[in-house]
$ cat my_file.cif   # mmCIF, C-alpha atoms and all ligand atoms
data_upload
loop_
_atom_site.label_atom_id
_atom_site.label_comp_id
_atom_site.auth_asym_id
_atom_site.auth_seq_id
_atom_site.Cartn_x
_atom_site.Cartn_y
_atom_site.Cartn_z
CA MET A 1 17.25 1.95 -14.16
CA GLY A 2 14.31 -0.42 -13.75
CA THR A 3 11.62 -0.98 -16.33
CA VAL A 4 9.09 1.77 -16.65
CA VAL A 5 5.60 1.30 -17.99
CA ASP A 6 3.76 3.59 -20.36
CA ALA A 7 0.53 3.94 -18.47
CA ALA A 8 -2.73 5.43 -19.64
CA ILE A 9 -3.83 7.20 -16.50
CA LYS A 10 -7.29 8.63 -16.70
CA ASP A 11 -7.84 11.73 -14.63
CA ALA A 12 -9.91 11.73 -11.45
CA ASN A 13 -13.12 12.26 -13.44
CA GLY A 14 -12.35 9.42 -15.80
CA SER A 15 -11.85 11.72 -18.77
CA LEU A 16 -9.26 11.41 -21.53
CA PRO A 17 -6.14 9.52 -20.53
CA SER A 18 -2.81 11.27 -20.43
CA HIS A 19 0.21 9.09 -21.16
CA LYS A 20 2.84 9.22 -18.52
CA LYS A 21 5.84 7.00 -17.80
CA VAL A 22 5.52 5.80 -14.25
CA THR A 23 7.24 3.31 -11.97
CA VAL A 24 5.05 1.74 -9.32
CA VAL A 25 6.02 -0.48 -6.41
CA PHE A 26 3.17 -2.05 -4.43
CA VAL A 27 3.93 -2.25 -0.71
CA LEU A 28 1.99 -5.04 0.95
CA GLY A 29 1.98 -6.85 4.28
CA GLY A 30 -0.33 -7.44 7.21
CA PRO A 31 -1.72 -4.66 9.40
CA GLY A 32 1.16 -3.26 11.48
CA SER A 33 3.89 -5.01 9.50
CA GLY A 34 5.65 -1.65 9.02
CA LYS A 35 4.59 -0.59 5.52
CA GLY A 36 4.17 3.10 6.34
CA THR A 37 7.35 3.22 8.41
CA GLN A 38 9.49 1.76 5.64
CA CYS A 39 7.80 3.84 2.93
CA ALA A 40 8.86 7.00 4.80
CA ASN A 41 12.48 5.76 4.68
CA ILE A 42 12.27 4.92 0.98
CA VAL A 43 10.84 8.38 0.19
CA GLU A 44 13.69 10.03 2.06
CA HIS A 45 16.41 8.03 0.31
CA PHE A 46 15.04 7.38 -3.16
CA GLY A 47 12.62 10.19 -3.97
CA TYR A 48 9.44 8.14 -4.44
CA THR A 49 6.00 9.53 -3.68
CA HIS A 50 4.27 7.52 -0.96
CA LEU A 51 0.58 6.85 -1.57
CA SER A 52 -1.07 4.97 1.29
CA ALA A 53 -4.52 3.77 0.25
CA GLY A 54 -5.59 3.79 3.90
CA ASP A 55 -4.38 7.38 4.38
CA LEU A 56 -6.21 8.49 1.21
CA LEU A 57 -9.42 6.86 2.46
CA ARG A 58 -9.06 8.49 5.90
CA ALA A 59 -8.49 11.87 4.22
CA GLU A 60 -11.63 11.30 2.15
CA ILE A 61 -13.64 10.78 5.35
CA LYS A 62 -12.22 14.00 6.83
CA SER A 63 -12.99 15.97 3.66
CA GLY A 64 -16.71 15.43 4.23
CA SER A 65 -17.11 13.52 0.96
CA GLU A 66 -20.44 11.84 0.18
CA ASN A 67 -18.66 8.47 0.52
CA GLY A 68 -17.26 9.40 3.94
CA THR A 69 -19.74 7.53 6.11
CA MET A 70 -19.55 4.38 3.99
CA ILE A 71 -15.71 4.44 4.10
CA GLN A 72 -15.68 5.06 7.85
CA ASN A 73 -18.00 2.11 8.48
CA MET A 74 -15.90 -0.19 6.29
CA ILE A 75 -12.66 0.82 8.03
CA LYS A 76 -14.22 0.26 11.47
CA GLU A 77 -15.14 -3.25 10.36
CA GLY A 78 -11.76 -3.87 8.71
CA LYS A 79 -13.52 -4.38 5.37
CA ILE A 80 -12.20 -3.46 1.93
CA VAL A 81 -13.75 -0.39 0.33
CA PRO A 82 -15.03 -0.86 -3.27
CA SER A 83 -12.17 -0.55 -5.75
CA GLU A 84 -13.69 2.29 -7.76
CA VAL A 85 -13.50 4.59 -4.74
CA THR A 86 -9.89 3.75 -3.83
CA ILE A 87 -8.65 3.74 -7.42
CA ARG A 88 -10.16 7.18 -8.05
CA LEU A 89 -8.26 8.51 -5.03
CA LEU A 90 -5.01 6.87 -6.17
CA GLN A 91 -5.38 8.21 -9.72
CA ARG A 92 -5.98 11.71 -8.44
CA ALA A 93 -2.94 11.52 -6.15
CA ILE A 94 -0.75 10.21 -9.00
CA GLN A 95 -1.91 13.00 -11.28
CA GLU A 96 -1.39 15.70 -8.68
CA SER A 97 2.03 14.52 -7.49
CA GLY A 98 4.12 15.61 -10.47
CA ASN A 99 6.38 12.62 -9.72
CA ASP A 100 6.91 9.55 -11.89
CA LYS A 101 7.68 6.94 -9.22
CA PHE A 102 5.29 5.76 -6.56
CA LEU A 103 5.07 3.49 -3.57
CA ILE A 104 1.47 2.32 -3.40
CA ASP A 105 1.03 1.14 0.18
CA GLY A 106 -1.81 -1.16 1.25
CA PHE A 107 -3.11 -1.64 -2.28
CA PRO A 108 -4.13 -3.91 -3.99
CA ARG A 109 -5.81 -5.47 -0.99
CA ASN A 110 -7.90 -8.07 -2.82
CA GLU A 111 -8.36 -9.55 -6.27
CA GLU A 112 -10.96 -6.92 -7.18
CA ASN A 113 -8.50 -4.10 -6.31
CA ARG A 114 -5.76 -5.76 -8.36
CA ALA A 115 -7.74 -6.48 -11.51
CA ALA A 116 -9.56 -3.14 -11.52
CA PHE A 117 -6.36 -1.12 -11.05
CA GLU A 118 -4.58 -2.94 -13.87
CA SER A 119 -7.47 -2.57 -16.26
CA VAL A 120 -8.23 1.08 -15.44
CA THR A 121 -4.66 2.41 -15.34
CA GLY A 122 -2.70 -0.16 -17.38
CA ILE A 123 0.00 0.01 -14.70
CA VAL A 124 1.94 -3.15 -13.92
CA PRO A 125 4.07 -2.92 -10.78
CA GLU A 126 7.85 -2.95 -11.06
CA PHE A 127 7.79 -5.31 -8.07
CA VAL A 128 5.82 -6.02 -4.91
CA LEU A 129 7.46 -5.41 -1.57
CA PHE A 130 5.98 -7.85 0.93
CA PHE A 131 6.62 -7.26 4.62
CA ASP A 132 6.27 -10.63 6.29
CA CYS A 133 5.56 -10.42 10.02
CA SER A 134 3.96 -12.64 12.67
CA GLU A 135 0.45 -11.79 13.88
CA GLU A 136 1.74 -11.70 17.44
CA GLU A 137 4.25 -8.97 16.58
CA MET A 138 1.78 -7.03 14.39
CA GLU A 139 -0.83 -7.07 17.16
CA ARG A 140 1.72 -5.78 19.66
CA ARG A 141 2.70 -2.93 17.30
CA LEU A 142 -0.87 -1.91 16.47
CA LEU A 143 -1.96 -1.85 20.11
CA SER A 144 0.91 0.49 20.97
CA ARG A 145 0.78 2.67 17.82
CA ASN A 146 -1.18 5.48 19.54
CA GLN A 147 -2.13 7.41 16.40
CA GLY A 148 -5.80 7.54 17.32
CA ARG A 149 -6.87 5.20 14.52
CA GLU A 150 -10.40 3.87 15.02
CA ASP A 151 -9.33 0.47 13.71
CA ASP A 152 -6.45 -0.02 16.17
CA ASN A 153 -8.56 -1.87 18.73
CA ILE A 154 -8.41 -5.60 19.35
CA ASP A 155 -11.81 -6.41 17.78
CA THR A 156 -11.07 -4.59 14.52
CA ILE A 157 -7.45 -5.81 14.48
CA ARG A 158 -8.68 -9.45 14.50
CA LYS A 159 -11.05 -8.68 11.62
CA ARG A 160 -8.20 -7.01 9.68
CA PHE A 161 -5.99 -10.07 10.18
CA LYS A 162 -8.76 -12.31 8.84
CA VAL A 163 -9.27 -10.10 5.77
CA PHE A 164 -5.50 -10.06 5.19
CA LEU A 165 -5.29 -13.87 5.24
CA GLU A 166 -8.41 -14.46 3.16
CA SER A 167 -8.27 -11.62 0.62
CA SER A 168 -4.81 -10.01 0.55
CA LEU A 169 -2.48 -13.03 0.70
CA PRO A 170 -3.97 -14.40 -2.56
CA VAL A 171 -2.92 -11.15 -4.28
CA ILE A 172 0.64 -11.65 -3.01
CA ASP A 173 0.50 -15.26 -4.27
CA TYR A 174 -0.65 -13.97 -7.67
CA TYR A 175 2.33 -11.63 -7.99
CA ASP A 176 4.64 -14.32 -6.60
CA SER A 177 3.59 -16.60 -9.46
CA LYS A 178 4.77 -13.82 -11.81
CA GLY A 179 8.15 -13.53 -10.03
CA LYS A 180 7.34 -10.02 -8.76
CA VAL A 181 7.39 -10.49 -4.97
CA ARG A 182 10.34 -9.34 -2.85
CA LYS A 183 9.68 -10.81 0.59
CA ILE A 184 11.24 -9.08 3.58
CA ASP A 185 11.49 -10.34 7.16
CA ALA A 186 9.63 -7.48 8.85
CA THR A 187 9.90 -8.79 12.41
CA LYS A 188 13.39 -7.32 12.66
CA PRO A 189 14.12 -3.82 14.03
CA ILE A 190 13.23 -0.88 11.74
CA GLU A 191 16.84 -0.10 10.76
CA GLU A 192 17.60 -3.73 9.86
CA VAL A 193 14.46 -4.02 7.75
CA PHE A 194 15.46 -0.85 5.92
CA GLU A 195 18.94 -2.22 5.12
CA THR A 196 17.25 -5.06 3.20
CA VAL A 197 14.77 -2.70 1.56
CA LYS A 198 17.55 -0.34 0.48
CA ALA A 199 19.30 -3.14 -1.38
CA LEU A 200 16.18 -3.60 -3.54
CA PHE A 201 15.83 0.06 -4.46
CA THR A 202 19.48 0.93 -5.03
CA PRO A 203 19.72 -0.83 -8.44
CA LEU A 204 16.62 1.11 -9.65
CA SER A 205 18.06 4.42 -8.63
CA ASP A 206 20.69 6.58 -10.28
CA LYS A 207 20.81 8.92 -7.34
CA VAL A 208 20.67 7.90 -3.72
CA ILE A 209 20.00 10.86 -1.43
N1 LIG A 301 10.40 -3.15 12.40
C1 LIG A 301 9.67 -2.63 13.40
N2 LIG A 301 9.92 -2.97 14.69
C2 LIG A 301 9.17 -2.45 15.70
N3 LIG A 301 8.16 -1.56 15.52
C3 LIG A 301 7.88 -1.19 14.25
C4 LIG A 301 8.61 -1.70 13.14
N4 LIG A 301 8.10 -1.16 12.02
C5 LIG A 301 7.09 -0.35 12.40
N5 LIG A 301 6.96 -0.36 13.74
C6 LIG A 301 5.95 0.35 14.54
O1 LIG A 301 4.76 -0.42 14.42
C7 LIG A 301 3.63 0.42 14.24
C8 LIG A 301 2.96 0.08 12.91
O2 LIG A 301 3.84 0.45 11.86
P1 LIG A 301 3.27 1.05 10.50
O3 LIG A 301 2.25 2.09 10.79
O4 LIG A 301 4.42 1.40 9.65
O5 LIG A 301 2.56 -0.27 9.93
P2 LIG A 301 1.62 -0.46 8.66
O6 LIG A 301 2.03 -1.73 8.01
O7 LIG A 301 1.61 0.76 7.82
O8 LIG A 301 0.23 -0.67 9.38
P3 LIG A 301 -1.27 -0.45 8.80
O9 LIG A 301 -1.49 -1.52 7.79
O10 LIG A 301 -2.14 -0.61 10.00
O11 LIG A 301 -1.32 0.92 8.21
C9 LIG A 301 4.15 1.86 14.34
O12 LIG A 301 3.97 2.31 15.66
C10 LIG A 301 5.64 1.73 14.01
O13 LIG A 301 6.43 2.71 14.65
N1 LIG A 302 -6.86 -0.89 -0.65
C1 LIG A 302 -7.42 -0.58 0.55
C2 LIG A 302 -6.66 -0.11 1.61
C3 LIG A 302 -7.26 0.15 2.81
N2 LIG A 302 -8.57 -0.02 2.95
C4 LIG A 302 -9.28 0.26 4.22
O1 LIG A 302 -8.50 1.10 5.06
C5 LIG A 302 -8.16 0.40 6.25
C6 LIG A 302 -6.84 0.84 6.76
O2 LIG A 302 -5.82 0.56 5.81
P1 LIG A 302 -4.27 0.68 6.20
O3 LIG A 302 -3.50 0.23 5.01
O4 LIG A 302 -4.01 2.10 6.56
O5 LIG A 302 -4.08 -0.23 7.37
C7 LIG A 302 -8.27 -1.09 5.88
O6 LIG A 302 -8.46 -1.94 6.99
C8 LIG A 302 -9.50 -1.04 4.99
O7 LIG A 302 -10.67 -0.93 5.75
C9 LIG A 302 -9.32 -0.46 1.88
O8 LIG A 302 -10.55 -0.62 2.00
N3 LIG A 302 -8.74 -0.72 0.69
MG MG A 303 0.04 2.05 7.23
#
$ encode --input "my_file.cif" --output "C-alpha cells" --more "lines below"
Ligand SMILES: Nc1ncnc2c1ncn2[C@@H]1O[C@H](COP(=O)(O)OP(=O)(O)OP(=O)(O)O)[C@@H](O)[C@H]1O
Ligand SMILES: Nc1ccn([C@@H]2O[C@H](COP(=O)(O)O)[C@@H](O)[C@H]2O)c(=O)n1
Ligand SMILES: [Mg+2]
Amino acid sequence: MGTVVDAAIKDANGSLPSHKKVTVVFVLGGPGSGKGTQCANIVEHFGYTHLSAGDLLRAEIKSGSENGTMIQNMIKEGKIVPSEVTIRLLQRAIQESGNDKFLIDGFPRNEENRAAFESVTGIVPEFVLFFDCSEEEMERRLLSRNQGREDDNIDTIRKRFKVFLESSLPVIDYYDSKGKVRKIDATKPIEEVFETVKALFTPLSDKVI
C-alpha cells in the first residue's frame, strides 16, 4: 500500500476541517495527451475517483453559477481560472465522493494552483503521472475529438499549448525535483500507454479489479 496523507480538508464553504486519509495522484500532460482516457481505465481497474478540473469547471458553467461567465471566457481563451474557484470545486467533489483515493486530472495547472491546493488542503500527491506527448500528435487528437468542446478549435488549442509550456511544465519540474514524477510516453496507442500506467498503480493496490 502506498503512503497516505492525513489531510485537513475543509468543506466547500471553508468551514471546520474534517480529517480524512486520502491518496491523491495528480494527472498532468498537455491538452489532448490522453489524461481523461487513461483516468477512465485507472478508475475501472483500481477503484479511484476521477476528478477532472476541466470537467468540474464545465459543470459549473452549466449549473448557472455566478462564476459561469467568467469561467467560460477563461476556457475559451485557454487561460487558467483563479485557484480559489477550482479548489473549491475539487474540495466539494472530494467530500461528496465517499472515496479515499483520487485521480486529480488537469490540476495543478500553474504554480498558484499548486501552492494554494497544498496550503488549503494539506494534501501532498502520492505521485504525479505525466503524459508526455508531441504537440503535433496532441493537435491531431484534439481536432478529431468531436465532443463539442468550445476550446477544441485551432486558435484556442495554440493558446492552450502556450499556457501548458509556460505555466504547467514548471509545476511538473517542481514535482520532478521532489522525485514525484512518473513520465509516460503518451504518443503510443491507448492500450500500450495503459500497460505502463497499470504497472505504476499495481503496487499501490491490494485489489486489482
Ligand atoms: N494514446 C492515444 N492514441 C490515440 N488517441 C488517443 C490516445 N489517448 C487519447 N486519445 C484520443 O485523443 C483525444 C483526447 O484524449 P483525452 O480527452 O483523454 O485527452 P486529455 O489529455 O484529457 O485532453 P484535455 O486536456 O483537452 O482534456 C480523445 O479523442 C481520445 O480518444
Ligand atoms: N486547473 C485547471 C484546469 C482547467 N482549467 C481550464 O479548463 C480548460 C480545460 O481543461 P482540460 O483539463 O479539460 O483540458 C483549460 O484550458 C483551462 O481554461 C483551469 O483553468 N484550471
Ligand atoms: Mg481531459
$ closest_atom_pairs --input "my_file.cif" --of "chain A" --to "ligand MG 303 (chain A)" --cutoff "10 Å" --atoms "all atoms listed in the file" --output "Markdown table"
| residue | atom | partner | partner_atom | distance |
| --- | --- | --- | --- | --- |
| A:Val27 | CA | A:MG303 | MG | 9.8 |
| A:Leu28 | CA | A:MG303 | MG | 9.7 |
| A:Gly29 | CA | A:MG303 | MG | 9.6 |
| A:Gly30 | CA | A:MG303 | MG | 9.5 |
| A:Pro31 | CA | A:MG303 | MG | 7.3 |
| A:Gly32 | CA | A:MG303 | MG | 6.9 |
| A:Ser33 | CA | A:MG303 | MG | 8.4 |
| A:Gly34 | CA | A:MG303 | MG | 7.0 |
| A:Lys35 | CA | A:MG303 | MG | 5.5 |
| A:Gly36 | CA | A:MG303 | MG | 4.4 |
| A:Thr37 | CA | A:MG303 | MG | 7.5 |
| A:Gln38 | CA | A:MG303 | MG | 9.6 |
| A:Cys39 | CA | A:MG303 | MG | 9.1 |
| A:Ser52 | CA | A:MG303 | MG | 6.7 |
| A:Ala53 | CA | A:MG303 | MG | 8.5 |
| A:Gly54 | CA | A:MG303 | MG | 6.8 |
| A:Asp55 | CA | A:MG303 | MG | 7.5 |
| A:Asp105 | CA | A:MG303 | MG | 7.2 |
| A:Gly106 | CA | A:MG303 | MG | 7.0 |
$ residues_near_ligand --input "my_file.cif" --ligand "ligand LIG 302 (chain A)" --cutoff "10 Å" --atoms "all atoms listed in the file" --output "PyMOL selection string"
chain A and resi 27-36+52-58+71-83+85-87+90+104-110+112-114+142+149-152+156-157+159-161+163-164+168
$ write_last_selection --input "my_file.cif" --atoms "C-alpha atoms" --output "mmCIF file, in the coordinates of the input"
data_model
loop_
_atom_site.group_PDB
_atom_site.id
_atom_site.type_symbol
_atom_site.label_atom_id
_atom_site.label_comp_id
_atom_site.auth_asym_id
_atom_site.auth_seq_id
_atom_site.Cartn_x
_atom_site.Cartn_y
_atom_site.Cartn_z
ATOM 1 C CA VAL A 27 3.930 -2.250 -0.710
ATOM 2 C CA LEU A 28 1.990 -5.040 0.950
ATOM 3 C CA GLY A 29 1.980 -6.850 4.280
ATOM 4 C CA GLY A 30 -0.330 -7.440 7.210
ATOM 5 C CA PRO A 31 -1.720 -4.660 9.400
ATOM 6 C CA GLY A 32 1.160 -3.260 11.480
ATOM 7 C CA SER A 33 3.890 -5.010 9.500
ATOM 8 C CA GLY A 34 5.650 -1.650 9.020
ATOM 9 C CA LYS A 35 4.590 -0.590 5.520
ATOM 10 C CA GLY A 36 4.170 3.100 6.340
ATOM 11 C CA SER A 52 -1.070 4.970 1.290
ATOM 12 C CA ALA A 53 -4.520 3.770 0.250
ATOM 13 C CA GLY A 54 -5.590 3.790 3.900
ATOM 14 C CA ASP A 55 -4.380 7.380 4.380
ATOM 15 C CA LEU A 56 -6.210 8.490 1.210
ATOM 16 C CA LEU A 57 -9.420 6.860 2.460
ATOM 17 C CA ARG A 58 -9.060 8.490 5.900
ATOM 18 C CA ILE A 71 -15.710 4.440 4.100
ATOM 19 C CA GLN A 72 -15.680 5.060 7.850
ATOM 20 C CA ASN A 73 -18.000 2.110 8.480
ATOM 21 C CA MET A 74 -15.900 -0.190 6.290
ATOM 22 C CA ILE A 75 -12.660 0.820 8.030
ATOM 23 C CA LYS A 76 -14.220 0.260 11.470
ATOM 24 C CA GLU A 77 -15.140 -3.250 10.360
ATOM 25 C CA GLY A 78 -11.760 -3.870 8.710
ATOM 26 C CA LYS A 79 -13.520 -4.380 5.370
ATOM 27 C CA ILE A 80 -12.200 -3.460 1.930
ATOM 28 C CA VAL A 81 -13.750 -0.390 0.330
ATOM 29 C CA PRO A 82 -15.030 -0.860 -3.270
ATOM 30 C CA SER A 83 -12.170 -0.550 -5.750
ATOM 31 C CA VAL A 85 -13.500 4.590 -4.740
ATOM 32 C CA THR A 86 -9.890 3.750 -3.830
ATOM 33 C CA ILE A 87 -8.650 3.740 -7.420
ATOM 34 C CA LEU A 90 -5.010 6.870 -6.170
ATOM 35 C CA ILE A 104 1.470 2.320 -3.400
ATOM 36 C CA ASP A 105 1.030 1.140 0.180
ATOM 37 C CA GLY A 106 -1.810 -1.160 1.250
ATOM 38 C CA PHE A 107 -3.110 -1.640 -2.280
ATOM 39 C CA PRO A 108 -4.130 -3.910 -3.990
ATOM 40 C CA ARG A 109 -5.810 -5.470 -0.990
ATOM 41 C CA ASN A 110 -7.900 -8.070 -2.820
ATOM 42 C CA GLU A 112 -10.960 -6.920 -7.180
ATOM 43 C CA ASN A 113 -8.500 -4.100 -6.310
ATOM 44 C CA ARG A 114 -5.760 -5.760 -8.360
ATOM 45 C CA LEU A 142 -0.870 -1.910 16.470
ATOM 46 C CA ARG A 149 -6.870 5.200 14.520
ATOM 47 C CA GLU A 150 -10.400 3.870 15.020
ATOM 48 C CA ASP A 151 -9.330 0.470 13.710
ATOM 49 C CA ASP A 152 -6.450 -0.020 16.170
ATOM 50 C CA THR A 156 -11.070 -4.590 14.520
ATOM 51 C CA ILE A 157 -7.450 -5.810 14.480
ATOM 52 C CA LYS A 159 -11.050 -8.680 11.620
ATOM 53 C CA ARG A 160 -8.200 -7.010 9.680
ATOM 54 C CA PHE A 161 -5.990 -10.070 10.180
ATOM 55 C CA VAL A 163 -9.270 -10.100 5.770
ATOM 56 C CA PHE A 164 -5.500 -10.060 5.190
ATOM 57 C CA SER A 168 -4.810 -10.010 0.550
#
$ closest_residue --input "my_file.cif" --among "A:Pro189, A:Pro203, A:Gly148, A:Gly122" --to "ligand LIG 301 (chain A)" --atoms "only C-alpha atoms and all ligand atoms"
A:Pro189
$ closest_residue --input "my_file.cif" --among "A:Lys183, A:Lys198, A:Arg140, A:Lys178" --to "ligand LIG 301 (chain A)" --atoms "only C-alpha atoms and all ligand atoms"
A:Arg140
$ atom_distance --input "my_file.cif" --atom1 "atom CA of A:Gln95" --atom2 "atom O2 of ligand LIG 301 (chain A)"
26.9 Å
$ atom_distance --input "my_file.cif" --atom1 "atom CA of A:Arg182" --atom2 "atom CA of A:Leu129"
5.0 Å
$ axis_aligned_box --input "my_file.cif" --around "ligand LIG 301 (chain A)" --padding-each-side "4 Å" --output "AutoDock Vina command-line options"
--center_x 4.1 --center_y -0.2 --center_z 11.7 --size_x 20.5 --size_y 13.9 --size_z 15.9
$ closest_residue --input "my_file.cif" --among "A:Ala40, A:Leu165, A:Val181, A:Val124" --to "ligand LIG 301 (chain A)" --atoms "all atoms listed in the file"
A:Ala40
$ residues_around --input "my_file.cif" --residues "A:Ile184" --least-positions-apart "2" --cutoff "9 Å" --atoms "only C-alpha atoms" --output "PyMOL selection string"
chain A and resi 129-133+182+186-187+193+196-197
$ write_last_selection --input "my_file.cif" --atoms "C-alpha atoms" --output "CSV table (one decimal), in the frame of the given file"
chain,number,residue,atom,x,y,z
A,129,LEU,CA,7.5,-5.4,-1.6
A,130,PHE,CA,6.0,-7.8,0.9
A,131,PHE,CA,6.6,-7.3,4.6
A,132,ASP,CA,6.3,-10.6,6.3
A,133,CYS,CA,5.6,-10.4,10.0
A,182,ARG,CA,10.3,-9.3,-2.8
A,186,ALA,CA,9.6,-7.5,8.8
A,187,THR,CA,9.9,-8.8,12.4
A,193,VAL,CA,14.5,-4.0,7.8
A,196,THR,CA,17.2,-5.1,3.2
A,197,VAL,CA,14.8,-2.7,1.6
$ closest_residue --input "my_file.cif" --among "A:Met70, A:Leu51, A:Leu200, A:Ala93" --to "ligand LIG 301 (chain A)" --atoms "only C-alpha atoms and all ligand atoms"
A:Leu51
$ closest_residue --input "my_file.cif" --among "A:Asn146, A:Asn153, A:Ser119, A:Thr23" --to "ligand LIG 301 (chain A)" --atoms "only C-alpha atoms and all ligand atoms"
A:Asn146
$ closest_residue --input "my_file.cif" --among "A:Glu44, A:Glu135, A:Glu118, A:Glu166" --to "ligand LIG 301 (chain A)" --atoms "only C-alpha atoms and all ligand atoms"
A:Glu135
$ atom_distance --input "my_file.cif" --atom1 "atom CA of A:Glu66" --atom2 "atom CA of A:Lys162"
28.2 Å
